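Enquirer: Just so it is clear, I am handing over final.cif, which has mmCIF, C-alpha atoms.
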data_upload
loop_
_atom_site.label_atom_id
_atom_site.label_comp_id
_atom_site.auth_asym_id
_atom_site.auth_seq_id
_atom_site.Cartn_x
_atom_site.Cartn_y
_atom_site.Cartn_z
CA MET A 1 -86.48 -52.79 -25.96
CA GLY A 2 -84.70 -54.52 -23.12
CA PRO A 3 -86.26 -55.26 -19.75
CA SER A 4 -85.01 -51.96 -18.29
CA GLY A 5 -86.61 -49.93 -21.07
CA SER A 6 -83.38 -49.59 -23.04
CA ASP A 7 -82.64 -50.74 -26.54
CA SER A 8 -80.09 -53.52 -26.27
CA THR A 9 -78.41 -56.30 -28.15
CA SER A 10 -78.91 -58.94 -25.42
CA ASP A 11 -81.03 -59.39 -22.32
CA ARG A 12 -78.50 -59.09 -19.49
CA PRO A 13 -75.21 -57.30 -18.83
CA PRO A 14 -72.20 -59.64 -18.69
CA PHE A 15 -71.50 -58.54 -15.08
CA ARG A 16 -72.85 -56.34 -12.28
CA LEU A 17 -70.82 -53.63 -10.62
CA ASP A 18 -71.16 -53.31 -6.86
CA ARG A 19 -72.04 -49.62 -6.51
CA SER A 20 -71.43 -49.76 -2.73
CA GLY A 21 -67.89 -51.02 -3.25
CA GLY A 22 -64.77 -49.49 -4.71
CA ILE A 23 -66.12 -48.42 -8.06
CA LEU A 24 -63.89 -46.21 -10.16
CA ARG A 25 -65.56 -43.36 -12.02
CA LEU A 26 -64.69 -40.99 -14.85
CA ARG A 27 -66.91 -38.24 -16.24
CA ALA A 28 -66.02 -35.97 -19.12
CA ARG A 29 -67.67 -33.34 -21.31
CA VAL A 30 -65.85 -33.49 -24.61
CA PRO A 31 -66.03 -30.85 -27.35
CA SER A 32 -67.89 -32.22 -30.34
CA SER A 33 -64.91 -32.24 -32.68
CA ARG A 34 -62.95 -34.94 -34.42
CA GLU A 35 -59.77 -33.58 -32.84
CA ALA A 36 -61.13 -34.18 -29.32
CA ILE A 37 -61.67 -37.91 -29.93
CA ASN A 38 -57.99 -38.86 -29.44
CA GLY A 39 -57.71 -37.17 -26.05
CA CYS A 40 -60.93 -38.75 -24.84
CA VAL A 41 -59.82 -42.21 -25.98
CA ARG A 42 -56.53 -41.78 -24.09
CA ARG A 43 -58.41 -40.85 -20.89
CA VAL A 44 -60.77 -43.79 -21.14
CA MET A 45 -57.92 -46.20 -21.92
CA ARG A 46 -56.05 -45.01 -18.79
CA PHE A 47 -59.28 -45.64 -16.87
CA ALA A 48 -59.53 -49.13 -18.41
CA THR A 49 -55.97 -49.86 -17.28
CA ARG A 50 -56.81 -48.78 -13.71
CA CYS A 51 -59.82 -51.15 -13.79
CA GLY A 52 -57.74 -54.01 -15.15
CA CYS A 53 -59.89 -54.10 -18.28
CA ALA A 54 -57.33 -53.16 -20.90
CA GLY A 55 -56.45 -56.76 -21.83
CA ASP A 56 -57.86 -56.31 -25.34
CA ARG A 57 -56.54 -52.77 -25.78
CA GLU A 58 -56.94 -52.71 -29.55
CA GLY A 59 -60.54 -53.91 -29.55
CA LEU A 60 -61.55 -51.57 -26.75
CA GLU A 61 -59.88 -48.61 -28.44
CA ILE A 62 -61.57 -49.32 -31.78
CA ALA A 63 -65.00 -49.57 -30.12
CA LEU A 64 -64.40 -46.29 -28.24
CA ARG A 65 -63.28 -44.47 -31.38
CA GLU A 66 -66.32 -45.69 -33.30
CA ALA A 67 -68.73 -44.66 -30.54
CA LEU A 68 -67.13 -41.22 -30.14
CA ALA A 69 -66.95 -40.63 -33.89
CA ASN A 70 -70.62 -41.57 -34.25
CA ALA A 71 -71.52 -39.10 -31.47
CA VAL A 72 -69.51 -36.27 -33.03
CA ILE A 73 -70.22 -36.87 -36.73
CA HIS A 74 -73.71 -38.37 -36.81
CA GLY A 75 -75.23 -37.38 -33.46
CA ASN A 76 -73.97 -33.82 -33.19
CA ALA A 77 -73.52 -33.35 -36.95
CA ASP A 78 -70.02 -31.87 -36.49
CA THR A 79 -71.67 -28.84 -34.84
CA PRO A 80 -69.22 -26.65 -32.93
CA GLY A 81 -70.47 -25.78 -29.47
CA LYS A 82 -72.19 -29.12 -28.91
CA ARG A 83 -70.72 -31.61 -26.47
CA VAL A 84 -70.31 -35.35 -26.09
CA PHE A 85 -70.80 -36.65 -22.55
CA VAL A 86 -68.74 -39.63 -21.43
CA ARG A 87 -69.26 -41.60 -18.21
CA CYS A 88 -67.19 -44.60 -17.18
CA TYR A 89 -67.73 -46.93 -14.26
CA GLY A 90 -65.42 -49.78 -13.39
CA GLU A 91 -64.47 -52.24 -10.74
CA ASN A 92 -61.06 -53.88 -10.53
CA GLY A 93 -61.16 -57.41 -11.84
CA VAL A 94 -64.85 -57.22 -12.78
CA GLY A 95 -65.39 -54.90 -15.73
CA MET A 96 -66.13 -51.46 -17.00
CA ILE A 97 -69.07 -49.62 -18.51
CA VAL A 98 -68.66 -46.65 -20.85
CA ALA A 99 -71.68 -44.48 -21.68
CA ILE A 100 -71.30 -41.99 -24.55
CA ARG A 101 -74.14 -39.51 -25.17
CA ASP A 102 -74.51 -36.81 -27.81
CA GLU A 103 -76.86 -33.85 -28.18
CA GLY A 104 -78.37 -35.00 -31.47
CA GLY A 105 -81.82 -36.27 -32.35
CA GLY A 106 -81.02 -39.97 -31.87
CA PHE A 107 -81.48 -42.87 -34.27
CA ASP A 108 -82.95 -46.36 -34.51
CA HIS A 109 -80.01 -48.77 -34.30
CA GLU A 110 -82.16 -51.61 -35.66
CA SER A 111 -82.63 -49.75 -38.95
CA VAL A 112 -78.89 -49.59 -39.64
CA PRO A 113 -78.08 -52.16 -42.35
CA ASP A 114 -75.59 -54.96 -41.85
CA PRO A 115 -72.28 -53.87 -43.45
CA ARG A 116 -71.54 -57.46 -44.50
CA GLU A 117 -74.50 -57.73 -46.88
CA GLY A 118 -74.55 -57.07 -50.61
CA GLU A 119 -72.95 -53.95 -51.99
CA ARG A 120 -72.48 -52.55 -48.46
CA ARG A 121 -69.33 -54.70 -48.19
CA PHE A 122 -67.58 -52.33 -50.58
CA LEU A 123 -68.44 -49.09 -48.78
CA HIS A 124 -65.79 -47.19 -46.84
CA HIS A 125 -68.18 -46.41 -43.98
CA GLY A 126 -71.06 -47.92 -42.05
CA ARG A 127 -69.19 -50.47 -39.91
CA GLY A 128 -69.09 -48.68 -36.55
CA LEU A 129 -72.10 -50.30 -34.86
CA PHE A 130 -71.06 -53.71 -36.16
CA LEU A 131 -67.52 -53.27 -34.80
CA MET A 132 -68.77 -52.14 -31.40
CA ARG A 133 -71.03 -55.20 -31.13
CA GLU A 134 -68.20 -57.53 -32.15
CA LEU A 135 -65.53 -56.01 -29.90
CA MET A 136 -67.49 -55.38 -26.70
CA ASP A 137 -69.22 -57.87 -24.41
CA ARG A 138 -72.50 -55.97 -24.70
CA VAL A 139 -73.80 -52.81 -26.36
CA GLU A 140 -76.97 -50.93 -25.39
CA TYR A 141 -78.66 -47.98 -27.06
CA ARG A 142 -80.56 -45.62 -24.81
CA LYS A 143 -82.27 -42.24 -24.87
CA GLY A 144 -83.72 -42.84 -28.32
CA GLY A 145 -80.30 -43.59 -29.78
CA ARG A 146 -78.53 -40.55 -28.33
CA GLU A 147 -76.54 -42.73 -25.92
CA VAL A 148 -74.54 -45.91 -26.46
CA VAL A 149 -73.40 -47.99 -23.48
CA LEU A 150 -70.43 -50.30 -23.92
CA TYR A 151 -69.72 -53.14 -21.49
CA LYS A 152 -66.31 -54.78 -21.21
CA ALA A 153 -65.55 -57.54 -18.71
CA CYS A 154 -62.03 -57.79 -17.37
CA SER A 155 -59.99 -60.64 -18.81
CA ASP A 156 -58.63 -63.29 -16.50
CA PRO A 157 -54.93 -62.66 -15.93
CA ASP A 158 -54.14 -66.35 -16.52
#
Mind converting the file's structure to structure tokens?
Expert:
Amino acid sequence: MGPSGSDSTSDRPPFRLDRSGGILRLRARVPSSREAINGCVRRVMRFATRCGCAGDREGLEIALREALANAVIHGNADTPGKRVFVRCYGENGVGMIVAIRDEGGGFDHESVPDPREGERRFLHHGRGLFLMRELMDRVEYRKGGREVVLYKACSDPD
């Protein structure tokens, strides 16, 4: 558990957003369906562009798709009527935070095996958490594993 009571992969966020300043916000309740993932990714990517954090578009999009798919498929068990809740906060030139929460029972992210080890390398699934950690600046798991928080710092324009 991190210092704020959240499960996390490192001790500190890569940046702080000034909540009193010009923070951009996006909130969405997304139907828990595989079809809804594309529309949600498009909305968040437009948000990332407004924040100036879309420098690594491909990496950000992959991490978002993995987080949303995990929420729909694993968290909500493909159950119609359930929702995925998405919150984004960003500040131009600083970074963005994306929180994705499902209505499932949660999970222990530390118990998920490394997809690079042994026979797991040959599986066609099980790489989502690994990809999110590799592609984002920081990943936190909260609410007993029902929420993942992705941090992405803005790239320098130079």
Enquirer: What's the 12 Å shell around segment 103-117 of chain A, counting only C-alpha atoms, without same-chain residues fewer than 5 positions away, as JSON, numbers by chain?
Expert: {"A": [1, 6, 7, 8, 9, 29, 30, 31, 32, 70, 71, 72, 73, 74, 75, 76, 77, 78, 79, 80, 81, 82, 83, 84, 85, 122, 123, 124, 125, 126, 127, 128, 129, 130, 131, 133, 139, 140, 141, 142, 143, 144, 145, 146, 147, 148]}
Enquirer: Can you tell me, as a VMD selection string, what residues are no more than 10 Å from Arg16 of chain A when counting only C-alpha atoms, ignoring any on the same chain fewer than 3 positions away?
Expert: chain A and resid 12 to 13 19 90 to 91 94 to 97 153
Enquirer: Store the residues picked out above in a file with C-alpha atoms, as a PDB file, in the frame of the given file.
Expert:
ATOM      1  CA  ARG A  12     -78.500 -59.090 -19.490  1.00  0.00           C
ATOM      2  CA  PRO A  13     -75.210 -57.300 -18.830  1.00  0.00           C
ATOM      3  CA  ARG A  19     -72.040 -49.620  -6.510  1.00  0.00           C
ATOM      4  CA  GLY A  90     -65.420 -49.780 -13.390  1.00  0.00           C
ATOM      5  CA  GLU A  91     -64.470 -52.240 -10.740  1.00  0.00           C
ATOM      6  CA  VAL A  94     -64.850 -57.220 -12.780  1.00  0.00           C
ATOM      7  CA  GLY A  95     -65.390 -54.900 -15.730  1.00  0.00           C
ATOM      8  CA  MET A  96     -66.130 -51.460 -17.000  1.00  0.00           C
ATOM      9  CA  ILE A  97     -69.070 -49.620 -18.510  1.00  0.00           C
ATOM     10  CA  ALA A 153     -65.550 -57.540 -18.710  1.00  0.00           C
TER      11      ALA A 153
END
Enquirer: Name all residues at most 9 Å from Arg87 of chain A (count all atoms listed in the file; drop same-chain ones fewer than 4 positions away) and give them as a PyMOL selection string.
Expert: chain A and resi 25-29+97-101
Enquirer: Around (-57.6, -41.7, -18.8) in the file's own coordinates, what residues are found within 12 Å if you use all atoms listed in the file, given back as a compact mmCIF listing (two decimals) with C-alpha atoms, in the coordinates of the input?
Expert:
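Output saved as result-v8.txt:
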# COMPACT_ATOMS: atom_id res chain seq x y z
CA LEU A 24 -63.89 -46.21 -10.16
CA ARG A 25 -65.56 -43.36 -12.02
CA LEU A 26 -64.69 -40.99 -14.85
CA ARG A 27 -66.91 -38.24 -16.24
CA ALA A 28 -66.02 -35.97 -19.12
CA ASN A 38 -57.99 -38.86 -29.44
CA GLY A 39 -57.71 -37.17 -26.05
CA CYS A 40 -60.93 -38.75 -24.84
CA VAL A 41 -59.82 -42.21 -25.98
CA ARG A 42 -56.53 -41.78 -24.09
CA ARG A 43 -58.41 -40.85 -20.89
CA VAL A 44 -60.77 -43.79 -21.14
CA MET A 45 -57.92 -46.20 -21.92
CA ARG A 46 -56.05 -45.01 -18.79
CA PHE A 47 -59.28 -45.64 -16.87
CA ALA A 48 -59.53 -49.13 -18.41
CA THR A 49 -55.97 -49.86 -17.28
CA ARG A 50 -56.81 -48.78 -13.71
CA CYS A 51 -59.82 -51.15 -13.79
CA ALA A 54 -57.33 -53.16 -20.90
CA VAL A 86 -68.74 -39.63 -21.43
CA ARG A 87 -69.26 -41.60 -18.21
CA CYS A 88 -67.19 -44.60 -17.18
Enquirer: Tell me which protein, DNA and RNA residues are within 8 Å of Met136 of chain A, counting all atoms listed in the file, leaving out same-chain ones fewer than 5 positions away, and put them as a short mmCIF file (atom, residue, chain, number, x, y, z; two decimals) with C-alpha atoms, keeping the file's coordinate frame.
Expert:
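This is the output file part-v2.cif:
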data_model
loop_
_atom_site.label_atom_id
_atom_site.label_comp_id
_atom_site.auth_asym_id
_atom_site.auth_seq_id
_atom_site.Cartn_x
_atom_site.Cartn_y
_atom_site.Cartn_z
CA GLY A 59 -60.54 -53.91 -29.55
CA LEU A 60 -61.55 -51.57 -26.75
CA ALA A 63 -65.00 -49.57 -30.12
CA LEU A 150 -70.43 -50.30 -23.92
CA TYR A 151 -69.72 -53.14 -21.49
CA LYS A 152 -66.31 -54.78 -21.21
#
Enquirer: Expressed in Å to a single decimal, how great is the separation between atom CA of Gly55 of chain A and atom CA of Ala36 of chain A?
Expert: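 If I compute the distance from atom CA of Gly55 of chain A to atom CA of Ala36 of chain A, I get 24.2 Å.
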Enquirer: Can you measure atom CA of Ala67 of chain A to atom CA of Met132 of chain A for me? One decimal in Å is fine.
Expert: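 Calculated distance between atom CA of Ala67 of chain A and atom CA of Met132 of chain A is 7.5 Å.
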Enquirer: Using atom CA of Gly52 of chain A and atom CA of Leu135 of chain A as the two end points, give the distance in Å to one decimal.
Expert: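 Here the two named atoms are 16.8 Å from each other.
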Enquirer: Can you put all heavy atoms back into segment 70-81 of chain A and show it as a PDB file, keeping the file's coordinate frame?
Expert:
ATOM      1  N   ASN A  70     -69.186 -41.599 -33.946  1.00  0.00           N
ATOM      2  CA  ASN A  70     -70.620 -41.570 -34.250  1.00  0.00           C
ATOM      3  C   ASN A  70     -71.300 -40.415 -33.518  1.00  0.00           C
ATOM      4  O   ASN A  70     -72.161 -39.739 -34.082  1.00  0.00           O
ATOM      5  CB  ASN A  70     -71.280 -42.892 -33.870  1.00  0.00           C
ATOM      6  CG  ASN A  70     -71.002 -43.979 -34.876  1.00  0.00           C
ATOM      7  OD1 ASN A  70     -70.522 -43.737 -35.979  1.00  0.00           O
ATOM      8  ND2 ASN A  70     -71.288 -45.210 -34.479  1.00  0.00           N
ATOM      9  N   ALA A  71     -70.925 -40.188 -32.249  1.00  0.00           N
ATOM     10  CA  ALA A  71     -71.520 -39.100 -31.470  1.00  0.00           C
ATOM     11  C   ALA A  71     -71.197 -37.743 -32.085  1.00  0.00           C
ATOM     12  O   ALA A  71     -72.071 -36.883 -32.228  1.00  0.00           O
ATOM     13  CB  ALA A  71     -71.052 -39.171 -30.019  1.00  0.00           C
ATOM     14  N   VAL A  72     -69.940 -37.551 -32.470  1.00  0.00           N
ATOM     15  CA  VAL A  72     -69.510 -36.270 -33.030  1.00  0.00           C
ATOM     16  C   VAL A  72     -70.077 -36.061 -34.434  1.00  0.00           C
ATOM     17  O   VAL A  72     -70.672 -35.016 -34.727  1.00  0.00           O
ATOM     18  CB  VAL A  72     -67.960 -36.188 -33.065  1.00  0.00           C
ATOM     19  CG1 VAL A  72     -67.480 -35.001 -33.884  1.00  0.00           C
ATOM     20  CG2 VAL A  72     -67.392 -36.134 -31.649  1.00  0.00           C
ATOM     21  N   ILE A  73     -69.893 -37.044 -35.302  1.00  0.00           N
ATOM     22  CA  ILE A  73     -70.220 -36.870 -36.730  1.00  0.00           C
ATOM     23  C   ILE A  73     -71.712 -37.029 -36.991  1.00  0.00           C
ATOM     24  O   ILE A  73     -72.328 -36.176 -37.641  1.00  0.00           O
ATOM     25  CB  ILE A  73     -69.409 -37.865 -37.582  1.00  0.00           C
ATOM     26  CG1 ILE A  73     -67.918 -37.566 -37.446  1.00  0.00           C
ATOM     27  CG2 ILE A  73     -69.848 -37.820 -39.037  1.00  0.00           C
ATOM     28  CD1 ILE A  73     -67.001 -38.670 -37.954  1.00  0.00           C
ATOM     29  N   HIS A  74     -72.303 -38.103 -36.502  1.00  0.00           N
ATOM     30  CA  HIS A  74     -73.710 -38.370 -36.810  1.00  0.00           C
ATOM     31  C   HIS A  74     -74.644 -37.733 -35.788  1.00  0.00           C
ATOM     32  O   HIS A  74     -75.622 -37.096 -36.158  1.00  0.00           O
ATOM     33  CB  HIS A  74     -73.964 -39.877 -36.894  1.00  0.00           C
ATOM     34  CG  HIS A  74     -73.150 -40.543 -37.946  1.00  0.00           C
ATOM     35  ND1 HIS A  74     -73.321 -40.290 -39.284  1.00  0.00           N
ATOM     36  CD2 HIS A  74     -72.148 -41.445 -37.846  1.00  0.00           C
ATOM     37  CE1 HIS A  74     -72.457 -41.020 -39.973  1.00  0.00           C
ATOM     38  NE2 HIS A  74     -71.728 -41.725 -39.123  1.00  0.00           N
ATOM     39  N   GLY A  75     -74.352 -37.921 -34.503  1.00  0.00           N
ATOM     40  CA  GLY A  75     -75.230 -37.380 -33.460  1.00  0.00           C
ATOM     41  C   GLY A  75     -75.245 -35.868 -33.427  1.00  0.00           C
ATOM     42  O   GLY A  75     -76.298 -35.249 -33.520  1.00  0.00           O
ATOM     43  N   ASN A  76     -74.072 -35.276 -33.295  1.00  0.00           N
ATOM     44  CA  ASN A  76     -73.970 -33.820 -33.190  1.00  0.00           C
ATOM     45  C   ASN A  76     -73.722 -33.132 -34.522  1.00  0.00           C
ATOM     46  O   ASN A  76     -73.566 -31.916 -34.570  1.00  0.00           O
ATOM     47  CB  ASN A  76     -72.877 -33.429 -32.191  1.00  0.00           C
ATOM     48  CG  ASN A  76     -73.280 -33.701 -30.763  1.00  0.00           C
ATOM     49  OD1 ASN A  76     -74.437 -33.938 -30.457  1.00  0.00           O
ATOM     50  ND2 ASN A  76     -72.306 -33.685 -29.862  1.00  0.00           N
ATOM     51  N   ALA A  77     -73.669 -33.885 -35.588  1.00  0.00           N
ATOM     52  CA  ALA A  77     -73.520 -33.350 -36.950  1.00  0.00           C
ATOM     53  C   ALA A  77     -72.351 -32.378 -37.085  1.00  0.00           C
ATOM     54  O   ALA A  77     -72.464 -31.345 -37.745  1.00  0.00           O
ATOM     55  CB  ALA A  77     -74.829 -32.698 -37.404  1.00  0.00           C
ATOM     56  N   ASP A  78     -71.222 -32.719 -36.427  1.00  0.00           N
ATOM     57  CA  ASP A  78     -70.020 -31.870 -36.490  1.00  0.00           C
ATOM     58  C   ASP A  78     -70.312 -30.418 -36.113  1.00  0.00           C
ATOM     59  O   ASP A  78     -69.668 -29.500 -36.633  1.00  0.00           O
ATOM     60  CB  ASP A  78     -69.389 -31.914 -37.887  1.00  0.00           C
ATOM     61  CG  ASP A  78     -68.489 -33.117 -38.090  1.00  0.00           C
ATOM     62  OD1 ASP A  78     -67.823 -33.526 -37.122  1.00  0.00           O
ATOM     63  OD2 ASP A  78     -68.456 -33.648 -39.211  1.00  0.00           O
ATOM     64  N   THR A  79     -71.268 -30.199 -35.219  1.00  0.00           N
ATOM     65  CA  THR A  79     -71.670 -28.840 -34.840  1.00  0.00           C
ATOM     66  C   THR A  79     -70.792 -28.310 -33.720  1.00  0.00           C
ATOM     67  O   THR A  79     -70.824 -28.851 -32.606  1.00  0.00           O
ATOM     68  CB  THR A  79     -73.146 -28.819 -34.392  1.00  0.00           C
ATOM     69  OG1 THR A  79     -73.944 -29.364 -35.427  1.00  0.00           O
ATOM     70  CG2 THR A  79     -73.600 -27.403 -34.073  1.00  0.00           C
ATOM     71  N   PRO A  80     -70.019 -27.250 -33.997  1.00  0.00           N
ATOM     72  CA  PRO A  80     -69.220 -26.650 -32.930  1.00  0.00           C
ATOM     73  C   PRO A  80     -70.141 -26.145 -31.818  1.00  0.00           C
ATOM     74  O   PRO A  80     -71.244 -25.685 -32.067  1.00  0.00           O
ATOM     75  CB  PRO A  80     -68.518 -25.471 -33.611  1.00  0.00           C
ATOM     76  CG  PRO A  80     -68.585 -25.768 -35.067  1.00  0.00           C
ATOM     77  CD  PRO A  80     -69.847 -26.564 -35.276  1.00  0.00           C
ATOM     78  N   GLY A  81     -69.675 -26.240 -30.602  1.00  0.00           N
ATOM     79  CA  GLY A  81     -70.470 -25.780 -29.470  1.00  0.00           C
ATOM     80  C   GLY A  81     -71.265 -26.896 -28.812  1.00  0.00           C
ATOM     81  O   GLY A  81     -71.644 -26.781 -27.655  1.00  0.00           O
TER      82      GLY A  81
END
